[in-house]
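Pasted below: my_file.txt, compact mmCIF, C-alpha atoms.
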# COMPACT_ATOMS: atom_id res chain seq x y z
CA ARG A 23 0.00 0.00 0.00
CA ARG A 24 2.88 2.38 0.71
CA TRP A 25 4.26 1.67 -2.77
CA GLN A 26 0.86 2.58 -4.20
CA ARG A 27 0.68 5.78 -2.15
CA GLU A 28 4.17 6.78 -3.28
CA GLY A 29 3.41 6.02 -6.93
CA LEU A 30 5.97 3.20 -7.18
CA LEU A 31 3.22 0.72 -7.99
CA ALA A 32 0.30 1.76 -10.19
CA PRO A 33 -2.18 -0.06 -12.44
CA ASP A 34 -2.07 0.47 -16.18
CA PRO A 35 -5.11 2.27 -17.63
CA GLY A 36 -6.02 -0.75 -19.78
CA PRO A 37 -5.13 -4.38 -20.56
CA ALA A 38 -1.55 -4.90 -21.68
CA LEU A 39 1.19 -7.44 -22.22
CA TYR A 40 4.83 -6.56 -21.65
CA LEU A 41 7.66 -7.43 -23.98
CA LEU A 42 10.99 -7.58 -22.14
CA GLU A 43 14.47 -7.58 -23.68
CA GLN A 44 17.39 -8.47 -21.41
CA THR A 45 21.03 -8.04 -22.41
CA PHE A 46 23.83 -9.43 -20.26
CA SER A 47 27.53 -10.27 -20.41
CA ILE A 48 28.99 -13.69 -19.69
CA GLU A 49 32.46 -15.16 -20.21
CA GLY A 50 33.56 -12.21 -22.33
CA GLY A 51 30.51 -12.21 -24.62
CA THR A 52 27.13 -10.50 -24.74
CA LEU A 53 23.77 -12.24 -25.04
CA THR A 54 20.25 -10.87 -25.52
CA ARG A 55 16.98 -12.62 -24.71
CA VAL A 56 13.45 -11.43 -25.50
CA GLY A 57 10.41 -12.70 -23.64
CA LEU A 58 6.86 -11.80 -22.71
CA LEU A 59 5.52 -10.90 -19.27
CA ALA A 60 1.87 -11.87 -19.01
CA ARG A 61 -0.65 -13.34 -16.63
CA PHE A 62 -1.74 -16.90 -17.33
CA ARG A 63 -4.02 -19.45 -15.74
CA ALA A 64 -2.35 -22.14 -13.62
CA VAL A 65 -3.67 -25.61 -14.49
CA ASP A 66 -2.93 -29.05 -13.08
CA PRO A 67 0.15 -30.78 -14.58
CA GLU A 68 -2.09 -33.63 -15.74
CA ALA A 69 -3.57 -31.26 -18.34
CA ARG A 70 -0.14 -31.22 -20.07
CA VAL A 71 -0.37 -27.50 -20.77
CA VAL A 72 2.26 -26.26 -18.32
CA LEU A 73 4.92 -28.92 -17.79
CA PRO A 74 7.04 -29.05 -14.62
CA HIS A 75 10.21 -31.09 -14.20
CA GLU A 76 11.14 -30.64 -10.54
CA GLN A 77 9.89 -31.91 -7.22
CA THR A 78 8.94 -29.24 -4.68
CA ARG A 79 9.46 -28.93 -0.93
CA LYS A 80 6.91 -28.07 1.72
CA GLY A 81 8.86 -25.22 3.37
CA PRO A 82 9.39 -23.01 0.30
CA LYS A 83 5.81 -23.64 -0.88
CA GLU A 84 4.40 -22.54 2.46
CA ASP A 85 6.61 -19.43 2.48
CA ARG A 86 5.46 -18.38 -1.00
CA TYR A 87 1.83 -19.11 -0.19
CA ARG A 88 1.87 -16.91 2.90
CA LEU A 89 3.45 -14.08 0.90
CA LEU A 90 0.84 -14.41 -1.87
CA LYS A 91 -2.04 -14.57 0.59
CA ALA A 92 -0.82 -11.51 2.53
CA THR A 93 -0.08 -9.32 -0.51
CA ARG A 94 -2.33 -10.78 -3.24
CA ALA A 95 0.48 -9.92 -5.65
CA ASN A 96 3.02 -11.80 -7.77
CA PHE A 97 6.44 -10.29 -7.16
CA SER A 98 8.45 -12.65 -9.37
CA PRO A 99 7.29 -14.25 -12.63
CA ILE A 100 7.45 -17.97 -13.27
CA PHE A 101 10.08 -18.53 -15.99
CA LEU A 102 8.57 -20.56 -18.85
CA MET A 103 9.87 -21.77 -22.20
CA PHE A 104 7.80 -22.55 -25.29
CA ARG A 105 8.32 -23.73 -28.85
CA ASP A 106 8.12 -20.78 -31.22
CA GLU A 107 6.50 -22.59 -34.15
CA GLY A 108 7.28 -20.80 -37.40
CA GLU A 109 9.02 -18.08 -35.37
CA ARG A 110 5.69 -16.30 -34.99
CA PHE A 111 6.64 -14.87 -31.61
CA ALA A 112 10.03 -13.70 -32.88
CA ALA A 113 8.39 -11.87 -35.78
CA LEU A 114 5.87 -10.13 -33.53
CA ALA A 115 8.54 -9.21 -30.99
CA ALA A 116 10.79 -7.73 -33.71
CA ASP A 117 8.12 -5.15 -34.52
CA PHE A 118 8.39 -3.76 -30.98
CA VAL A 119 12.11 -4.12 -30.34
CA GLY A 120 12.81 -1.72 -33.21
CA ALA A 121 10.76 1.01 -31.51
CA ALA A 122 11.51 3.14 -28.46
CA PRO A 123 10.88 1.23 -25.22
CA ALA A 124 8.54 2.44 -22.49
CA LEU A 125 11.23 1.75 -19.89
CA THR A 126 14.99 1.13 -19.83
CA PHE A 127 17.16 0.35 -16.82
CA VAL A 128 20.21 -1.64 -15.69
CA ASP A 129 19.75 -3.81 -12.62
CA ASP A 130 22.22 -4.53 -9.79
CA GLY A 131 23.59 -7.53 -11.69
CA GLY A 132 24.51 -5.43 -14.71
CA VAL A 133 21.66 -6.74 -16.87
CA ARG A 134 20.12 -4.14 -19.20
CA HIS A 135 16.33 -4.30 -19.41
CA ARG A 136 14.17 -2.71 -22.10
CA LEU A 137 10.39 -2.96 -21.73
CA TRP A 138 7.60 -2.36 -24.25
CA ARG A 139 3.91 -2.14 -23.34
CA VAL A 140 1.69 -4.06 -25.80
CA THR A 141 -1.83 -2.63 -25.81
CA GLU A 142 -3.10 -2.95 -29.38
CA THR A 143 -5.75 -5.68 -29.60
CA GLY A 144 -4.35 -7.31 -32.73
CA SER A 145 -0.85 -7.55 -31.25
CA ILE A 146 -2.18 -8.99 -27.99
CA GLU A 147 -4.17 -11.62 -29.86
CA GLY A 148 -1.18 -12.48 -32.07
CA LEU A 149 1.11 -12.98 -29.09
CA ALA A 150 -1.56 -15.05 -27.33
CA ARG A 151 -1.79 -17.33 -30.37
CA ALA A 152 1.99 -17.69 -30.51
CA LEU A 153 1.98 -18.87 -26.88
CA ALA A 154 -1.07 -21.11 -27.17
CA GLY A 155 0.85 -24.42 -27.03
CA GLN A 156 2.65 -26.15 -24.20
CA ALA A 157 5.00 -24.29 -21.88
CA TYR A 158 7.84 -25.77 -19.85
CA ILE A 159 8.75 -24.42 -16.42
CA ALA A 160 12.42 -23.44 -16.36
CA ASP A 161 12.28 -21.84 -12.93
CA GLY A 162 9.48 -21.26 -10.45
CA HIS A 163 8.12 -24.69 -9.55
CA HIS A 164 7.31 -23.62 -6.00
CA ARG A 165 5.56 -20.49 -7.25
CA TYR A 166 3.51 -22.60 -9.66
CA ALA A 167 2.51 -25.04 -6.91
CA THR A 168 1.53 -22.02 -4.83
CA ALA A 169 -0.63 -20.70 -7.67
CA LEU A 170 -2.46 -24.04 -7.84
CA ARG A 171 -3.09 -24.01 -4.10
CA TYR A 172 -4.35 -20.43 -4.25
CA ARG A 173 -6.67 -21.42 -7.12
CA ASP A 174 -8.05 -24.35 -5.13
CA GLU A 175 -8.86 -22.07 -2.20
CA ASN A 176 -10.17 -19.06 -4.13
CA GLY A 177 -11.75 -20.43 -7.31
CA LEU A 178 -10.81 -20.00 -10.96
CA ASP A 179 -10.23 -16.26 -10.66
CA GLY A 180 -7.44 -17.13 -8.23
CA ALA A 181 -5.72 -19.33 -10.82
CA PHE A 182 -4.10 -16.41 -12.64
CA THR A 183 -0.41 -15.90 -11.96
CA LEU A 184 2.50 -14.04 -13.57
CA GLY A 185 4.77 -15.66 -16.15
CA TYR A 186 7.76 -14.76 -18.27
CA PHE A 187 7.67 -16.66 -21.58
CA THR A 188 10.67 -17.03 -23.88
CA PRO A 189 11.29 -19.34 -26.88
CA LEU A 190 13.16 -22.59 -26.26
CA ASP A 191 15.70 -21.68 -28.93
CA ALA A 192 16.23 -18.09 -27.80
CA PRO A 193 19.93 -17.20 -28.20
CA GLY A 194 19.96 -15.68 -24.72
CA LEU A 195 18.46 -18.76 -23.04
CA LEU A 196 21.48 -20.04 -21.17
CA VAL A 197 21.81 -22.88 -18.64
CA GLN A 198 24.72 -22.29 -16.29
CA PRO A 199 26.33 -24.76 -13.85
CA TYR A 200 24.26 -26.03 -10.95
CA HIS A 201 25.39 -24.69 -7.57
CA ARG A 202 24.45 -25.35 -3.95
CA VAL A 203 25.57 -23.28 -0.95
CA LEU A 204 25.93 -25.64 2.02
CA SER A 205 25.23 -24.25 5.48
CA ALA A 206 26.63 -27.44 7.03
CA GLY A 207 29.04 -30.07 5.82
CA PRO A 208 32.63 -31.27 5.90
CA SER A 209 35.73 -29.23 5.18
CA LEU A 210 37.58 -29.80 1.92
CA ALA A 211 40.14 -31.89 3.79
CA GLU A 212 37.43 -34.05 5.32
CA ALA A 213 35.60 -34.38 2.00
CA ARG A 214 38.80 -35.51 0.29
CA VAL A 215 39.10 -38.50 2.63
CA VAL A 216 35.49 -39.57 2.06
CA LEU A 217 35.48 -39.05 -1.72
CA ALA A 218 38.90 -40.56 -2.53
CA PRO A 219 37.70 -44.20 -2.68
CA HIS A 220 35.06 -43.33 -5.30
CA PHE A 221 36.37 -40.39 -7.34
CA ASP A 222 39.51 -39.11 -9.03
CA LEU A 223 40.35 -35.88 -7.21
CA ARG A 224 42.42 -32.83 -8.06
CA ASP A 225 42.84 -29.41 -6.54
CA ALA A 226 41.78 -26.10 -8.08
CA PRO A 227 42.77 -22.63 -6.88
CA HIS A 228 39.23 -21.28 -6.69
CA ALA A 229 35.59 -21.97 -7.59
CA THR A 230 35.83 -20.45 -11.08
CA ALA A 231 38.72 -22.69 -12.06
CA ALA A 232 36.94 -25.69 -10.56
CA ALA A 233 33.78 -24.94 -12.55
CA ARG A 234 35.79 -24.80 -15.77
CA ALA A 235 37.44 -28.12 -14.95
CA VAL A 236 34.06 -29.73 -14.33
CA GLU A 237 32.72 -28.34 -17.59
CA ALA A 238 35.68 -29.78 -19.50
CA SER A 239 35.48 -33.20 -17.83
CA SER A 240 34.60 -36.26 -19.90
CA ALA A 241 33.70 -38.35 -16.86
CA PRO A 242 30.08 -39.55 -16.53
CA TYR A 243 29.77 -37.47 -13.37
CA ALA A 244 31.91 -34.53 -12.31
CA PHE A 245 31.44 -31.90 -9.62
CA ALA A 246 33.49 -29.58 -7.42
CA LEU A 247 33.47 -28.44 -3.83
CA ALA A 248 34.78 -25.01 -2.85
CA GLU A 249 35.56 -23.57 0.55
CA PRO A 250 36.14 -19.83 1.16
CA GLU A 251 39.86 -18.97 1.18
CA LYS A 252 40.83 -22.65 0.94
CA GLY A 253 40.47 -23.34 -2.77
CA ALA A 254 38.41 -26.05 -4.40
CA LEU A 255 38.36 -29.77 -5.07
CA VAL A 256 37.33 -31.30 -8.41
CA ALA A 257 35.87 -34.82 -8.32
CA GLU A 258 35.39 -37.09 -11.36
CA SER A 259 33.64 -40.44 -11.13
CA ARG A 260 35.48 -43.67 -11.76
CA GLY A 261 33.72 -45.88 -14.26
CA ASP A 262 30.09 -44.98 -14.81
CA GLY A 263 29.47 -44.01 -11.17
CA ARG A 264 26.15 -45.85 -11.10
CA SER A 265 27.21 -48.09 -8.21
CA LEU A 266 26.79 -45.10 -5.90
CA LEU A 267 23.10 -44.78 -6.79
CA PRO A 268 20.27 -47.09 -5.68
CA PRO A 269 19.81 -49.94 -8.18
CA ASP A 270 16.18 -49.07 -8.95
CA VAL A 271 16.84 -45.48 -10.07
CA PRO A 272 15.35 -44.87 -13.56
CA PRO A 273 17.93 -44.04 -16.26
CA SER A 274 16.29 -40.65 -16.82
CA LEU A 275 17.08 -39.64 -13.22
CA ALA A 276 20.48 -41.32 -13.09
CA ALA A 277 21.53 -39.22 -16.09
CA LEU A 278 20.98 -35.98 -14.18
CA ASP A 279 24.06 -34.52 -12.50
CA THR A 280 21.88 -32.82 -9.89
CA TYR A 281 20.20 -36.10 -8.96
CA PHE A 282 23.58 -37.83 -8.66
CA LEU A 283 24.96 -35.01 -6.53
CA HIS A 284 22.08 -35.15 -4.04
CA HIS A 285 21.48 -38.91 -3.94
CA ALA A 286 25.01 -40.27 -4.29
CA VAL A 287 27.25 -37.60 -2.79
CA LEU A 288 25.88 -34.86 -0.55
CA THR A 289 23.84 -36.93 1.89
CA PRO A 290 25.21 -40.51 1.55
CA LEU A 291 28.90 -39.63 1.48
CA LEU A 292 29.28 -36.13 2.93
CA GLY A 293 26.49 -36.32 5.50
CA VAL A 294 24.81 -33.11 4.36
CA PRO A 295 21.17 -33.07 5.61
CA ALA A 296 18.70 -33.74 2.81
Let me see whether you can do it: turn the structure in this file into structure tokens.
Amino acid sequence: RRWQREGLLAPDPGPALYLLEQTFSIEGGTLTRVGLLARFRAVDPEARVVLPHEQTRKGPKEDRYRLLKATRANFSPIFLMFRDEGERFAALAADFVGAAPALTFVDDGGVRHRLWRVTETGSIEGLARALAGQAYIADGHHRYATALRYRDENGLDGAFTLGYFTPLDAPGLLVQPYHRVLSAGPSLAEARVVLAPHFDLRDAPHATAAARAVEASSAPYAFALAEPEKGALVAESRGDGRSLLPPDVPPSLAALDTYFLHHAVLTPLLGVPA
């Protein structure tokens, strides 16, 4: 309410979609991604319209639900990807990107944002058609689960939530290494002793160098541990590494580095609480 009183938050005079261009630098290069900010209706995964790929946890879901219930506002969009059949979305977006944006700013992470307000009925309908197929959740599984719970408690009008939609083949759609910050766990020296029977180990001067070594590894599984001011440790599996996983794990899960890290390393070997 204070934001509304101070004019920081205000409703638009009419229905609109928002085209967002983000430009950022990474590893010496520059990438640009264009996507659409829009409300959409949350539906059950069984409908195969919005497709999740992650399990969710009770704590984060409860935290997001309490925030939504208290504010009745979506502060962060769910990040979704879609197939841009015939590049229809790209063609529509190009018409706006060539014009002056309604808003331009650079955020604290150095990302440049340019925003266009889409209010013309024909453009809105064209963008809606381009996004009419399936969407895949890239980030925001807990927010999506929260939207479903809010819908169940408030009816269909409560099913609307905020999404950011970008094409699957967008040049600025980048998947970076998977990281976890551990609040509890062994030191690098202790981890070395536990991991040595199962992995080939080598030292790295810092986390950046370790990440590059992991990226360049040809081992079935590779990961690194880093400790502030004490360098990093790169671990590469011997053989296929599958012996560290339960025998009944489906191949689709066993192929995921994140699954291997959590179910073969962090808790079983390093004693990190699940």
Residue contacts of stretch 42-59 of chain A (12 Å, all atoms listed in the file) excluding same-chain residues fewer than 6 positions away, as a VMD selection string: chain A and resid 96 98 to 104 106 111 to 116 118 to 120 123 to 140 146 149 to 150 152 to 153 183 to 198 230 234
Between atom CA of A:Ala121 and atom CA of A:Leu31, what distance in Å does the model show, to one decimal?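 If I compute the distance from atom CA of A:Ala121 to atom CA of A:Leu31, I get 24.7 Å.
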Choose the residue, out of A:Arg63, A:Arg86, A:Arg23, A:Arg260, that has the smallest atom-to-atom separation from A:Gly177; count only C-alpha atoms. A:Arg63
Residues near A:Ala286, cut-off 12 Å, all atoms listed in the file, skip fewer than 6 positions along chain, as a list of chain:residue names: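 That gives A:Leu217, A:His220, A:Phe221, A:Tyr243, A:Phe245, A:Ser259, A:Gly263, A:Arg264, A:Ser265, A:Leu266, A:Leu267, A:Pro268, A:Pro269, A:Val271, A:Leu275, A:Ala276, A:Leu278, A:Asp279, A:Thr280, A:Leu292, A:Gly293, A:Val294, A:Ala296.
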Can you work out which one of A:Ala181, A:Leu41, A:Arg70, A:Arg202 has the shortest atom-to-atom distance to A:Ala169, counting all atoms listed in the file? A:Ala181
Draw an axis-aligned box tight on the listed atoms of stretch 228-237 of chain A, then pad every side by 4 Å and write out centre and edge lengths in Å to one decimal as lines of an AutoDock Vina configuration file.
center_x = 36.0
center_y = -25.1
center_z = -12.1
size_x = 14.5
size_y = 17.3
size_z = 18.9
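Atom CA of A:Leu255 is positioned 17.2 Å from atom CA of A:His284.
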Quick one: distance from atom CA of A:Leu204 to atom CA of A:Val216 in Å, one decimal?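 Computing it gives 16.9 Å between the two atoms.
Counting all atoms listed in the file, the residue from A:Pro219, A:Pro82, A:Pro74, A:Gly148 that sits nearest to A:Asp161 is A:Pro74.
The closest residue to A:Ala64, picked from A:Leu30, A:Ala92, A:Leu283, A:Leu170 and counting all atoms listed in the file, is A:Leu170.
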Complete the atoms of stretch 210-221 of chain A to all heavy atoms and put them out as a tab-separated table (two decimals), in the coordinates of the input.
chain	number	residue	atom	x	y	z
A	210	LEU	N	37.02	-29.18	3.11
A	210	LEU	CA	37.58	-29.80	1.92
A	210	LEU	C	38.49	-30.97	2.29
A	210	LEU	O	38.50	-32.01	1.62
A	210	LEU	CB	38.37	-28.77	1.12
A	210	LEU	CG	37.57	-27.80	0.25
A	210	LEU	CD1	38.53	-26.92	-0.55
A	210	LEU	CD2	36.63	-28.53	-0.69
A	211	ALA	N	39.25	-30.81	3.36
A	211	ALA	CA	40.14	-31.89	3.79
A	211	ALA	C	39.34	-33.12	4.20
A	211	ALA	O	39.71	-34.25	3.85
A	211	ALA	CB	41.01	-31.41	4.95
A	212	GLU	N	38.26	-32.93	4.92
A	212	GLU	CA	37.43	-34.05	5.32
A	212	GLU	C	36.73	-34.69	4.12
A	212	GLU	O	36.62	-35.92	4.02
A	212	GLU	CB	36.39	-33.58	6.34
A	212	GLU	CG	37.00	-33.14	7.67
A	212	GLU	CD	36.00	-32.39	8.55
A	212	GLU	OE1	35.05	-31.78	8.00
A	212	GLU	OE2	36.18	-32.42	9.78
A	213	ALA	N	36.27	-33.86	3.19
A	213	ALA	CA	35.60	-34.38	2.00
A	213	ALA	C	36.56	-35.20	1.15
A	213	ALA	O	36.17	-36.22	0.57
A	213	ALA	CB	35.04	-33.22	1.18
A	214	ARG	N	37.82	-34.79	1.09
A	214	ARG	CA	38.80	-35.51	0.29
A	214	ARG	C	38.93	-36.96	0.77
A	214	ARG	O	38.97	-37.90	-0.03
A	214	ARG	CB	40.16	-34.81	0.38
A	214	ARG	CG	41.24	-35.46	-0.47
A	214	ARG	CD	42.60	-34.83	-0.17
A	214	ARG	NE	42.61	-33.43	-0.49
A	214	ARG	CZ	42.88	-32.95	-1.70
A	214	ARG	NH1	43.14	-33.78	-2.70
A	214	ARG	NH2	42.89	-31.66	-1.91
A	215	VAL	N	38.96	-37.16	2.07
A	215	VAL	CA	39.10	-38.50	2.63
A	215	VAL	C	37.90	-39.37	2.25
A	215	VAL	O	38.05	-40.54	1.88
A	215	VAL	CB	39.25	-38.42	4.16
A	215	VAL	CG1	39.24	-39.82	4.77
A	215	VAL	CG2	40.53	-37.69	4.53
A	216	VAL	N	36.71	-38.81	2.33
A	216	VAL	CA	35.49	-39.57	2.06
A	216	VAL	C	35.33	-39.87	0.56
A	216	VAL	O	34.87	-40.94	0.17
A	216	VAL	CB	34.26	-38.80	2.59
A	216	VAL	CG1	32.97	-39.53	2.22
A	216	VAL	CG2	34.35	-38.64	4.10
A	217	LEU	N	35.70	-38.92	-0.28
A	217	LEU	CA	35.48	-39.05	-1.72
A	217	LEU	C	36.56	-39.87	-2.42
A	217	LEU	O	36.32	-40.44	-3.49
A	217	LEU	CB	35.40	-37.66	-2.37
A	217	LEU	CG	34.23	-36.77	-1.94
A	217	LEU	CD1	34.36	-35.39	-2.59
A	217	LEU	CD2	32.90	-37.40	-2.30
A	218	ALA	N	37.76	-39.93	-1.85
A	218	ALA	CA	38.90	-40.56	-2.53
A	218	ALA	C	38.65	-42.00	-2.97
A	218	ALA	O	39.10	-42.39	-4.05
A	218	ALA	CB	40.13	-40.49	-1.62
A	219	PRO	N	37.93	-42.82	-2.21
A	219	PRO	CA	37.70	-44.20	-2.68
A	219	PRO	C	36.81	-44.30	-3.92
A	219	PRO	O	36.80	-45.34	-4.58
A	219	PRO	CB	37.02	-44.87	-1.47
A	219	PRO	CG	37.39	-44.04	-0.30
A	219	PRO	CD	37.46	-42.65	-0.82
A	220	HIS	N	36.06	-43.25	-4.23
A	220	HIS	CA	35.06	-43.33	-5.30
A	220	HIS	C	35.35	-42.42	-6.49
A	220	HIS	O	34.78	-42.64	-7.57
A	220	HIS	CB	33.68	-42.97	-4.74
A	220	HIS	CG	33.32	-43.71	-3.50
A	220	HIS	ND1	32.93	-45.03	-3.50
A	220	HIS	CD2	33.32	-43.31	-2.20
A	220	HIS	CE1	32.67	-45.42	-2.27
A	220	HIS	NE2	32.90	-44.40	-1.45
A	221	PHE	N	36.19	-41.41	-6.31
A	221	PHE	CA	36.37	-40.39	-7.34
A	221	PHE	C	37.86	-40.10	-7.55
A	221	PHE	O	38.68	-40.24	-6.63
A	221	PHE	CB	35.67	-39.08	-6.95
A	221	PHE	CG	34.19	-39.21	-6.81
A	221	PHE	CD1	33.62	-39.54	-5.59
A	221	PHE	CD2	33.34	-38.99	-7.89
A	221	PHE	CE1	32.24	-39.66	-5.45
A	221	PHE	CE2	31.97	-39.11	-7.77
A	221	PHE	CZ	31.42	-39.44	-6.54
